[in-house]
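Following: one structure in structure tokens, then a few remarks.
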Amino acid sequence: MPTPTGKPGPNTVGYNPMRWRRFWLLIFGLLLLNIVISSIIQSASTPASVTIPYNLFLDEVNGGNVVNITATGDSITGTTRSAVSPGAGQPSAKNFLTQRPSFASDNLETTLIKNNVSILAENPNPPTPLWETLLLWFGPTLLIVFGFIYLMRRSAAALGGGGSGGLLGRFGQSGARLYNAERPDTTFADVAGIDEVKAELVEIVDFLKTPEKYQRLGGTIPKGVLLIGAPGTGKTLLARAVAGEAGVPFFSISASEFIEAIVGVGAARVRDLFQKARAAAPAIVFIDELDAIGRSRSTGARLGGNEEQEQTLNQILTEMDGFDTHTGVIVLAATNRADVLDPALLRPGRFDRRVTVPFPDRRGRLEILRIHTRHIPLGPDVDLGLIASLSAGMVGADLRNLANEAALAAARRDANTVSQADFSDALEKVELGSERKLSLTQLDREKIAYHESGHALLGLLQPGADPVRRVSIIPRGQSLGATVQSPVDDRFSYGEDYLRGRITGALGGRAAEELVYGVVTTGAESDLRQVTVIARQMVVKWGMSPKVGVLSLADDEGPGQPLSFSRPYSEETAALIDEEVRRICEECLRQAVALLTSNRDKLDALVHALLEHDTLGETEILAVTGIAAPATVPAIPQPR
Ligand code: ADP
Ligand code: MG
Ligand code: ZN
């Protein structure tokens with residue numbers, strides 16, 4: 001969204017929306033001219049004529065007023081001796097046009113001959129003119145040829161050669177989109193929940209606004225700031241906000257675009273980008289998805305080597321070395337994989353400042369929700385604080401999506417305001433996917449209900465477990481049902497009891513099936529995977545197995561690491577780990593079955609309610625099972 005500000009310099013370079021506007025204006029103008037000219041030619045060759053009713057035509061023929069006619073199928077044109085008019089007060093002319101009804105059974109031919117009208121007939125389906133045939137034959141070929149020429153020009157422009165003049169050349173250049181140059185109107189007010197990061201960037205803004213203040217004492221401002229964070233945490237947003245706050249031009253490119261580019265294009269673009277940024281200084285250069293080209297050259301992740309990436313990366317390094325901070329250009333870059341970046345990028349004088357953009361915590365999520373619901377009319381029952389605590393693990397982009405889905409859900413039911421229920425629906429949709437229409441037998445539904453109730457009940461019965469927010473047996477995405485538990489507040493460390501509770505809860509579905517039907521289904525697959533992961537980490541990572549002891553035996557995992565085929569421990573230890581993982585899981589399963597057996601009445605009650613209502617909220621679950629509510633969610637203090 002380039003925002004032309006009318007200022008000279010940065011907004012007239014590179015990708016220029018004005019040029020496209022001119023292009024379309026030109027096309028539009030030509031079309032208009034075409035219409036005007038052709039209508040002039042037509043009116044010159046065909047004298048003015050009027051359309052008259054068929055019976056009036058017959059009257060004129062019988063009155064001897066018609067001189068001649070030309071028939072094309074059933075439509076008739078002709079000339080008269082004295083002017084005719086379709087009615088009083090309407091224009092009259094000596095040329096007329098009329099349509100003979102197909103049901104007419106008058107003996108028109110005889111009438112015409114009797115009245116001395118000369119008759120001319122034309123073929124109603126004239127043969128296609130030669131030029132049309134030619135166009136049909138050669139048109140597509142011509143289009144392809146022109147398209148090809150256009151592309152050639154385009155890549156020539158991207159290579160830095162610039163347009164070689166001429167219409168095609170210039171349009172080609174603008175289409176190459178060397179990069180975006182704009183002045184974003186995003187500010188820090190549009191970014192929420194990541195205050196620590198904002199604080200770090202305030203200094204950058206300050207420098208861009210008043211560079212003299214910093215240069216006076218000979219201090220240097222970082223040349224490059226690397227924003228590291230998971231996708232959707234707001235890195236691009238932050239970079240734009242920095243430019244918006246400082247009121248400087250924002251030159252951005254996405255490194256992932258270079259991957260498919262022609263060799264040499266990337267480096268040329270980078271060179272051009274920095275050149276224009278320097279000319280427009282103070283300015284911000286933003287390189288998005290830096291890891292796409294900045295991958296370490298030693299990881300072997302790029303087998304065969306990618307010449308283009310290497311050249312582009314080298315060009316970025318050269319450019320960053322080539323200017324000092326007095327030029328007032330600051331390079332921001334974003335990545336979600338800092339671990340794979342080439343160390344050369346992280347050397348002093350390049351991206352020497354690294355800022356981690358974290359997942360927002362509960363308060364952060366609340367603030368982000370407030371931003372994205374600013375323009376949505378919220379119903380009185382909407383509790384953004386509750387939604388914030390239900391959405392642990394979501395990032396800014398997810399929350400924006402959530403607010404949007406809720407608004408769409410409300411619009412779908414023709415409501416004027418968005419309600420809490422819309423948000424619950426949206427949350428379920430965002431987390432689990434859209435509802436799926438499956439025709440399930442009553443027995444299947446009952447089995448699913450027992451499975452989910454098993455999870456839910458164990459969540460309720462175990463002290464310290466995350467509160468159960470919702471149970472549903474509506475199939476969504478990959479799952480047939482869902483039990484949503486979410487912590488009262490974001491947790492950063494876990495006790496052993498809590499982890500065992502999680503395992504027991506996750507086994508609740510299987511335990512319930514076993515208890516009620518004596519057989520198990522495949523529905524517990526993902527539950528078991530989750531259980532194994534937690535139990536294994538308890539043993540190898542967190543020292544929660546007395547037999548294995550307080551050792552960290554976790555494999556170094558992660559895609560950035562070279563593959564290792566050796567474990568850092570012996571076969572005996574490996575066997576011991578497996579044994580301990582199994583012991584923990586079995587203990588938890590026994591616990592799950594025991595708890596469900598002694599609370600069978602509550603389990604049945606929950607299943608009964610679920611089969612009736614499909615989905616149960618937190619209060620309904622508590623009411624049905626008669627379990628006392630856990631400690632209430634502490635309210636989030638108002639924003640500082
Ligand atoms: P990233 O670049 O980290 O992948 P983006 O900056 O593209 O993420 O975020 C996508 C969208 O999500 C933003 O345009 C914004 O609407 C929303 N968003 C992300 N983080 C935040 C935040 N901290 N505050 C407000 N909105 C956010
Ligand atoms: Mg981004
Ligand atoms: Zn399950």
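Quick note on naming: the chains in the structure tokens go A, B, ... in the order shown, residues restart at 1 in each chain, and ligands are numbered from 1 in order of appearance.
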
Could you give me, as a ChimeraX atom specification, every polymer residue with an atom at most 8 Å away from an atom of ligand 2, counting only C-alpha atoms and all ligand atoms? /A:231-232,234-237,288-289,334

Write out, as a CSV table (one decimal), in the first residue's frame, the residues just selected, with all heavy atoms.
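Listed below is the output, again00.csv:
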```csv
chain,number,residue,atom,x,y,z
A,231,PRO,N,6.5,-16.7,13.1
A,231,PRO,CA,5.7,-16.0,12.1
A,231,PRO,C,4.4,-15.5,12.8
A,231,PRO,O,3.8,-16.1,13.6
A,231,PRO,CB,5.3,-17.2,11.1
A,231,PRO,CG,6.3,-18.2,11.3
A,231,PRO,CD,6.8,-18.1,12.7
A,232,GLY,N,4.1,-14.3,12.3
A,232,GLY,CA,2.8,-13.7,12.9
A,232,GLY,C,3.0,-12.9,14.2
A,232,GLY,O,2.0,-12.4,14.7
A,234,GLY,N,4.5,-10.2,14.5
A,234,GLY,CA,4.4,-8.7,14.3
A,234,GLY,C,5.7,-8.1,13.9
A,234,GLY,O,5.9,-6.9,14.1
A,235,LYS,N,6.6,-8.9,13.3
A,235,LYS,CA,7.9,-8.3,12.9
A,235,LYS,C,7.8,-7.3,11.8
A,235,LYS,O,8.3,-6.2,11.9
A,235,LYS,CB,8.9,-9.4,12.5
A,235,LYS,CG,9.1,-10.5,13.6
A,235,LYS,CD,10.1,-11.6,13.1
A,235,LYS,CE,9.5,-12.4,12.0
A,235,LYS,NZ,8.3,-13.2,12.4
A,236,THR,N,7.1,-7.7,10.8
A,236,THR,CA,6.9,-6.7,9.6
A,236,THR,C,6.2,-5.5,10.1
A,236,THR,O,6.5,-4.3,9.8
A,236,THR,CB,6.1,-7.4,8.5
A,236,THR,OG1,6.7,-8.7,8.2
A,236,THR,CG2,6.0,-6.6,7.3
A,237,LEU,N,5.2,-5.7,11.0
A,237,LEU,CA,4.4,-4.6,11.5
A,237,LEU,C,5.3,-3.6,12.3
A,237,LEU,O,5.2,-2.4,12.1
A,237,LEU,CB,3.3,-5.2,12.4
A,237,LEU,CG,2.3,-4.3,13.1
A,237,LEU,CD1,1.4,-3.8,12.0
A,237,LEU,CD2,1.5,-5.0,14.2
A,288,ASP,N,12.8,-8.6,4.6
A,288,ASP,CA,11.9,-9.6,5.2
A,288,ASP,C,12.4,-11.0,4.9
A,288,ASP,O,13.0,-11.2,3.9
A,288,ASP,CB,10.5,-9.4,4.7
A,288,ASP,CG,9.5,-9.7,5.8
A,288,ASP,OD1,9.9,-10.3,6.9
A,288,ASP,OD2,8.3,-9.5,5.6
A,289,GLU,N,12.2,-11.9,5.8
A,289,GLU,CA,12.5,-13.3,5.7
A,289,GLU,C,14.0,-13.5,5.3
A,289,GLU,O,14.3,-14.2,4.3
A,289,GLU,CB,11.6,-13.9,4.6
A,289,GLU,CG,10.1,-13.8,5.0
A,289,GLU,CD,9.2,-14.3,3.9
A,289,GLU,OE1,9.3,-15.4,3.5
A,289,GLU,OE2,8.3,-13.5,3.5
A,334,ALA,N,14.0,-9.2,9.2
A,334,ALA,CA,13.2,-10.1,10.1
A,334,ALA,C,13.5,-11.6,9.7
A,334,ALA,O,13.8,-11.9,8.5
A,334,ALA,CB,11.7,-9.8,9.8
```

Do a neighbour search on Arg350 (chain A) at 8 Å with only C-alpha atoms, toss out local chain neighbours closer than 6 positions, and write the hits as a tab-separated table (two decimals) with N, CA and C atoms, in the first residue's frame.
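Final file, selection.tsv:
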```tsv
chain	number	residue	atom	x	y	z
A	222	PRO	N	23.39	1.33	15.93
A	222	PRO	CA	23.56	0.09	15.14
A	222	PRO	C	23.12	0.29	13.69
A	223	LYS	N	23.85	-0.38	12.82
A	223	LYS	CA	23.48	-0.30	11.41
A	223	LYS	C	22.31	-1.19	11.11
A	224	GLY	N	22.37	-2.35	11.74
A	224	GLY	CA	21.35	-3.34	11.43
A	224	GLY	C	20.68	-3.87	12.68
A	317	LEU	N	25.85	-7.90	2.46
A	317	LEU	CA	26.98	-7.70	3.36
A	317	LEU	C	27.85	-6.53	2.88
A	320	MET	N	26.15	-3.27	3.54
A	320	MET	CA	26.12	-2.89	4.96
A	320	MET	C	27.48	-2.43	5.43
A	321	ASP	N	28.52	-3.01	4.86
A	321	ASP	CA	29.87	-2.56	5.23
A	321	ASP	C	30.18	-1.21	4.59
```

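Neighbours of ligand 1 at a cut-off of 7 Å, computed so that only C-alpha atoms and all ligand atoms are counted, are the residues Asp190, Val191, Ala192, Gly193, Ile194, Gly229, Ala230, Pro231, Gly232, Thr233, Gly234, Lys235, Thr236, Leu237, Leu238, Ile368, Ile371, Val395, Gly396, Ala397, Asp398 and Arg400 of chain A.
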
For ligand 3, collect every residue having any atom at a distance of at most 12 Å from a ligand atom (counting only C-alpha atoms and all ligand atoms); output as a PyMOL selection string. chain A and resi 447-456+458+471-473+478-484+503-513+520-531

Now that the selection is made, can you save its residues with N, CA and C atoms as a short mmCIF file (atom, residue, chain, number, x, y, z; two decimals), in the first residue's frame?
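Result went into part-v1.cif, see below:
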```
data_model
loop_
_atom_site.label_atom_id
_atom_site.label_comp_id
_atom_site.auth_asym_id
_atom_site.auth_seq_id
_atom_site.Cartn_x
_atom_site.Cartn_y
_atom_site.Cartn_z
N LYS A 447 -19.56 -42.90 21.54
CA LYS A 447 -18.16 -43.23 21.83
C LYS A 447 -17.31 -41.96 21.91
N ILE A 448 -17.56 -41.07 20.96
CA ILE A 448 -16.80 -39.81 20.96
C ILE A 448 -17.13 -39.02 22.23
N ALA A 449 -18.40 -39.03 22.60
CA ALA A 449 -18.80 -38.30 23.80
C ALA A 449 -18.10 -38.87 25.03
N TYR A 450 -18.01 -40.20 25.12
CA TYR A 450 -17.31 -40.79 26.26
C TYR A 450 -15.83 -40.42 26.24
N HIS A 451 -15.25 -40.46 25.06
CA HIS A 451 -13.82 -40.13 24.92
C HIS A 451 -13.57 -38.70 25.43
N GLU A 452 -14.33 -37.76 24.89
CA GLU A 452 -14.10 -36.36 25.28
C GLU A 452 -14.46 -36.12 26.74
N SER A 453 -15.53 -36.76 27.20
CA SER A 453 -15.91 -36.59 28.60
C SER A 453 -14.82 -37.12 29.52
N GLY A 454 -14.16 -38.19 29.07
CA GLY A 454 -13.05 -38.73 29.86
C GLY A 454 -11.96 -37.69 30.05
N HIS A 455 -11.58 -37.04 28.94
CA HIS A 455 -10.59 -35.95 29.03
C HIS A 455 -11.08 -34.87 29.98
N ALA A 456 -12.32 -34.43 29.76
CA ALA A 456 -12.84 -33.28 30.49
C ALA A 456 -12.93 -33.57 31.98
N LEU A 458 -11.35 -35.71 33.82
CA LEU A 458 -10.05 -35.79 34.48
C LEU A 458 -9.45 -34.40 34.65
N VAL A 471 -16.12 -28.51 25.91
CA VAL A 471 -16.10 -29.87 25.37
C VAL A 471 -17.04 -29.89 24.20
N SER A 472 -16.63 -30.54 23.13
CA SER A 472 -17.54 -30.59 22.00
C SER A 472 -17.38 -31.89 21.25
N ILE A 473 -18.49 -32.38 20.69
CA ILE A 473 -18.40 -33.59 19.87
C ILE A 473 -18.79 -33.24 18.44
N GLN A 478 -9.39 -32.21 11.61
CA GLN A 478 -8.96 -33.59 11.71
C GLN A 478 -9.61 -34.33 12.88
N SER A 479 -10.24 -33.59 13.79
CA SER A 479 -10.67 -34.25 15.02
C SER A 479 -12.17 -34.49 15.02
N LEU A 480 -12.57 -35.50 15.75
CA LEU A 480 -14.00 -35.83 15.83
C LEU A 480 -14.67 -35.10 16.98
N GLY A 481 -13.86 -34.71 17.94
CA GLY A 481 -14.39 -33.99 19.09
C GLY A 481 -13.25 -33.23 19.71
N ALA A 482 -13.54 -32.41 20.70
CA ALA A 482 -12.46 -31.65 21.30
C ALA A 482 -12.76 -31.31 22.74
N THR A 483 -11.71 -31.30 23.53
CA THR A 483 -11.80 -30.82 24.89
C THR A 483 -10.78 -29.71 24.99
N VAL A 484 -11.23 -28.52 25.33
CA VAL A 484 -10.30 -27.39 25.39
C VAL A 484 -10.01 -27.06 26.84
N ILE A 503 -0.68 -35.81 31.56
CA ILE A 503 -0.65 -37.15 30.93
C ILE A 503 -1.93 -37.90 31.26
N THR A 504 -2.31 -37.88 32.55
CA THR A 504 -3.52 -38.58 32.96
C THR A 504 -4.73 -38.06 32.19
N GLY A 505 -4.81 -36.73 32.06
CA GLY A 505 -5.93 -36.13 31.33
C GLY A 505 -5.95 -36.55 29.88
N ALA A 506 -4.76 -36.58 29.27
CA ALA A 506 -4.69 -36.94 27.86
C ALA A 506 -5.05 -38.41 27.66
N LEU A 507 -4.82 -39.22 28.68
CA LEU A 507 -5.18 -40.63 28.57
C LEU A 507 -6.64 -40.86 28.93
N GLY A 508 -7.31 -39.80 29.39
CA GLY A 508 -8.70 -39.92 29.84
C GLY A 508 -9.63 -40.44 28.76
N GLY A 509 -9.38 -40.04 27.52
CA GLY A 509 -10.25 -40.49 26.43
C GLY A 509 -10.17 -41.99 26.28
N ARG A 510 -8.95 -42.48 26.26
CA ARG A 510 -8.76 -43.91 26.09
C ARG A 510 -9.28 -44.67 27.30
N ALA A 511 -9.02 -44.11 28.49
CA ALA A 511 -9.46 -44.77 29.72
C ALA A 511 -10.98 -44.91 29.72
N ALA A 512 -11.68 -43.85 29.29
CA ALA A 512 -13.14 -43.90 29.30
C ALA A 512 -13.64 -44.95 28.32
N GLU A 513 -13.02 -45.03 27.14
CA GLU A 513 -13.45 -46.03 26.16
C GLU A 513 -13.26 -47.44 26.71
N VAL A 520 -10.73 -50.37 22.70
CA VAL A 520 -10.26 -49.02 22.42
C VAL A 520 -10.37 -48.75 20.92
N THR A 521 -10.49 -47.49 20.56
CA THR A 521 -10.59 -47.11 19.16
C THR A 521 -9.30 -46.40 18.73
N THR A 522 -9.26 -46.01 17.49
CA THR A 522 -8.08 -45.31 17.00
C THR A 522 -8.11 -43.83 17.37
N GLY A 523 -9.20 -43.41 18.00
CA GLY A 523 -9.38 -41.98 18.28
C GLY A 523 -8.35 -41.40 19.22
N ALA A 524 -7.56 -42.26 19.88
CA ALA A 524 -6.65 -41.74 20.89
C ALA A 524 -5.25 -41.52 20.33
N GLU A 525 -5.09 -41.60 19.02
CA GLU A 525 -3.75 -41.55 18.42
C GLU A 525 -2.97 -40.31 18.84
N SER A 526 -3.57 -39.13 18.62
CA SER A 526 -2.81 -37.92 18.90
C SER A 526 -2.65 -37.74 20.41
N ASP A 527 -3.60 -38.25 21.18
CA ASP A 527 -3.46 -38.20 22.63
C ASP A 527 -2.19 -38.94 23.04
N LEU A 528 -2.01 -40.12 22.47
CA LEU A 528 -0.89 -40.96 22.87
C LEU A 528 0.43 -40.31 22.48
N ARG A 529 0.43 -39.65 21.32
CA ARG A 529 1.65 -38.99 20.89
C ARG A 529 2.03 -37.91 21.90
N GLN A 530 1.03 -37.16 22.31
CA GLN A 530 1.27 -36.07 23.25
C GLN A 530 1.78 -36.63 24.58
N VAL A 531 1.15 -37.73 25.02
CA VAL A 531 1.54 -38.36 26.28
C VAL A 531 3.00 -38.78 26.23
#
```

Here CA of Pro546 (chain A) and CA of Leu499 (chain A) stand apart by 15.7 Å

A:Arg354, A:Arg470, A:His375, A:Lys429: which is nearest Leu390 (chain A), counting only C-alpha atoms?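 Smallest distance to Leu390 (chain A) is found for A:Arg470.
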
Among region 320-504 of chain A, which ones does DSSP assign to helix (DSSP H, G or I) (computed from the backbone)? Answer as a ChimeraX atom specification. /A:320-322,325-327,338-340,343-346,362-372,384-390,396-412,420-432,442-461,496-504

Which residues are near region 403-416 of chain A? Cut-off 9 Å, only C-alpha atoms, ignore same chain within fewer than 4 positions. Put them as a PyMOL selection string. chain A and resi 369+372-373+376-379+398-399+420-427+429-430

Env of Gly495 (chain A): 12 Å cut, atoms = only C-alpha atoms, seq-sep filter 6 positions within chain, self excluded. Answer as a ChimeraX atom specification. /A:464-465,501-502,538,542-544

Got time to write the residues from that selection, N, CA, C and O atoms, as a PDB file, in the first residue's frame?
```pdb
ATOM      1  N   GLY A 464      -5.185 -28.650  40.382  1.00  0.00           N
ATOM      2  CA  GLY A 464      -4.057 -27.993  39.714  1.00  0.00           C
ATOM      3  C   GLY A 464      -4.055 -28.125  38.213  1.00  0.00           C
ATOM      4  O   GLY A 464      -3.223 -27.526  37.542  1.00  0.00           O
ATOM      5  N   ALA A 465      -5.003 -28.934  37.677  1.00  0.00           N
ATOM      6  CA  ALA A 465      -5.037 -29.063  36.210  1.00  0.00           C
ATOM      7  C   ALA A 465      -5.621 -27.795  35.596  1.00  0.00           C
ATOM      8  O   ALA A 465      -6.334 -27.051  36.257  1.00  0.00           O
ATOM      9  N   GLY A 501      -0.538 -34.843  35.700  1.00  0.00           N
ATOM     10  CA  GLY A 501      -1.960 -34.537  35.498  1.00  0.00           C
ATOM     11  C   GLY A 501      -2.279 -34.398  34.024  1.00  0.00           C
ATOM     12  O   GLY A 501      -3.300 -34.886  33.541  1.00  0.00           O
ATOM     13  N   ARG A 502      -1.362 -33.760  33.302  1.00  0.00           N
ATOM     14  CA  ARG A 502      -1.580 -33.590  31.856  1.00  0.00           C
ATOM     15  C   ARG A 502      -1.631 -34.943  31.159  1.00  0.00           C
ATOM     16  O   ARG A 502      -2.476 -35.195  30.304  1.00  0.00           O
ATOM     17  N   MET A 538       9.976 -35.564  30.565  1.00  0.00           N
ATOM     18  CA  MET A 538      10.108 -35.643  32.019  1.00  0.00           C
ATOM     19  C   MET A 538      11.334 -36.456  32.389  1.00  0.00           C
ATOM     20  O   MET A 538      12.057 -36.138  33.325  1.00  0.00           O
ATOM     21  N   TRP A 542      14.000 -33.201  32.155  1.00  0.00           N
ATOM     22  CA  TRP A 542      13.707 -32.494  33.386  1.00  0.00           C
ATOM     23  C   TRP A 542      14.069 -33.291  34.646  1.00  0.00           C
ATOM     24  O   TRP A 542      13.692 -32.913  35.753  1.00  0.00           O
ATOM     25  N   GLY A 543      14.752 -34.406  34.458  1.00  0.00           N
ATOM     26  CA  GLY A 543      15.234 -35.159  35.614  1.00  0.00           C
ATOM     27  C   GLY A 543      14.148 -35.606  36.569  1.00  0.00           C
ATOM     28  O   GLY A 543      14.316 -35.564  37.781  1.00  0.00           O
ATOM     29  N   MET A 544      13.006 -36.027  36.070  1.00  0.00           N
ATOM     30  CA  MET A 544      11.898 -36.399  36.935  1.00  0.00           C
ATOM     31  C   MET A 544      11.769 -37.906  37.108  1.00  0.00           C
ATOM     32  O   MET A 544      10.758 -38.397  37.592  1.00  0.00           O
TER      33      MET A 544
END
```

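Distances from A:Gly349, A:Val539, A:Asp74, A:Leu120 to Gly322 (chain A) were compared using only C-alpha atoms, and the smallest one belongs to A:Gly349.
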
Enumerate as an NGL selection string all residues of region 444-518 of chain A assigned to strand (DSSP E) by DSSP on the backbone, naming them with the chain letters and numbers the document uses. :A and (468-472 or 482-485)

Written file, previous selection with N, CA, C and O atoms, as a PDB file, in the first residue's frame:
```pdb
ATOM      1  N   VAL A 468     -11.100 -26.736  32.415  1.00  0.00           N
ATOM      2  CA  VAL A 468     -11.704 -27.207  31.174  1.00  0.00           C
ATOM      3  C   VAL A 468     -12.663 -26.132  30.689  1.00  0.00           C
ATOM      4  O   VAL A 468     -13.594 -25.762  31.377  1.00  0.00           O
ATOM      5  N   ARG A 469     -12.387 -25.597  29.503  1.00  0.00           N
ATOM      6  CA  ARG A 469     -13.188 -24.472  29.017  1.00  0.00           C
ATOM      7  C   ARG A 469     -14.367 -24.923  28.172  1.00  0.00           C
ATOM      8  O   ARG A 469     -15.393 -24.272  28.129  1.00  0.00           O
ATOM      9  N   ARG A 470     -14.173 -26.010  27.451  1.00  0.00           N
ATOM     10  CA  ARG A 470     -15.196 -26.376  26.491  1.00  0.00           C
ATOM     11  C   ARG A 470     -15.039 -27.840  26.102  1.00  0.00           C
ATOM     12  O   ARG A 470     -13.922 -28.336  25.977  1.00  0.00           O
ATOM     13  N   VAL A 471     -16.122 -28.513  25.915  1.00  0.00           N
ATOM     14  CA  VAL A 471     -16.097 -29.870  25.374  1.00  0.00           C
ATOM     15  C   VAL A 471     -17.045 -29.887  24.199  1.00  0.00           C
ATOM     16  O   VAL A 471     -18.112 -29.288  24.258  1.00  0.00           O
ATOM     17  N   SER A 472     -16.631 -30.541  23.131  1.00  0.00           N
ATOM     18  CA  SER A 472     -17.545 -30.588  21.996  1.00  0.00           C
ATOM     19  C   SER A 472     -17.382 -31.895  21.254  1.00  0.00           C
ATOM     20  O   SER A 472     -16.305 -32.503  21.236  1.00  0.00           O
ATOM     21  N   ALA A 482     -13.545 -32.410  20.701  1.00  0.00           N
ATOM     22  CA  ALA A 482     -12.457 -31.646  21.301  1.00  0.00           C
ATOM     23  C   ALA A 482     -12.761 -31.309  22.741  1.00  0.00           C
ATOM     24  O   ALA A 482     -13.917 -31.085  23.122  1.00  0.00           O
ATOM     25  N   THR A 483     -11.710 -31.304  23.533  1.00  0.00           N
ATOM     26  CA  THR A 483     -11.800 -30.818  24.893  1.00  0.00           C
ATOM     27  C   THR A 483     -10.778 -29.706  24.994  1.00  0.00           C
ATOM     28  O   THR A 483      -9.606 -29.916  24.706  1.00  0.00           O
ATOM     29  N   VAL A 484     -11.232 -28.521  25.331  1.00  0.00           N
ATOM     30  CA  VAL A 484     -10.305 -27.392  25.393  1.00  0.00           C
ATOM     31  C   VAL A 484     -10.012 -27.061  26.839  1.00  0.00           C
ATOM     32  O   VAL A 484     -10.907 -26.742  27.611  1.00  0.00           O
ATOM     33  N   GLN A 485      -8.751 -27.203  27.186  1.00  0.00           N
ATOM     34  CA  GLN A 485      -8.314 -26.804  28.507  1.00  0.00           C
ATOM     35  C   GLN A 485      -7.322 -25.696  28.322  1.00  0.00           C
ATOM     36  O   GLN A 485      -6.490 -25.748  27.416  1.00  0.00           O
TER      37      GLN A 485
END
```

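Nearest to Thr210 (chain A) of all the residues A:Val248, A:Val540, A:Gly73, A:Thr128 is A:Val248, based on only C-alpha atoms.
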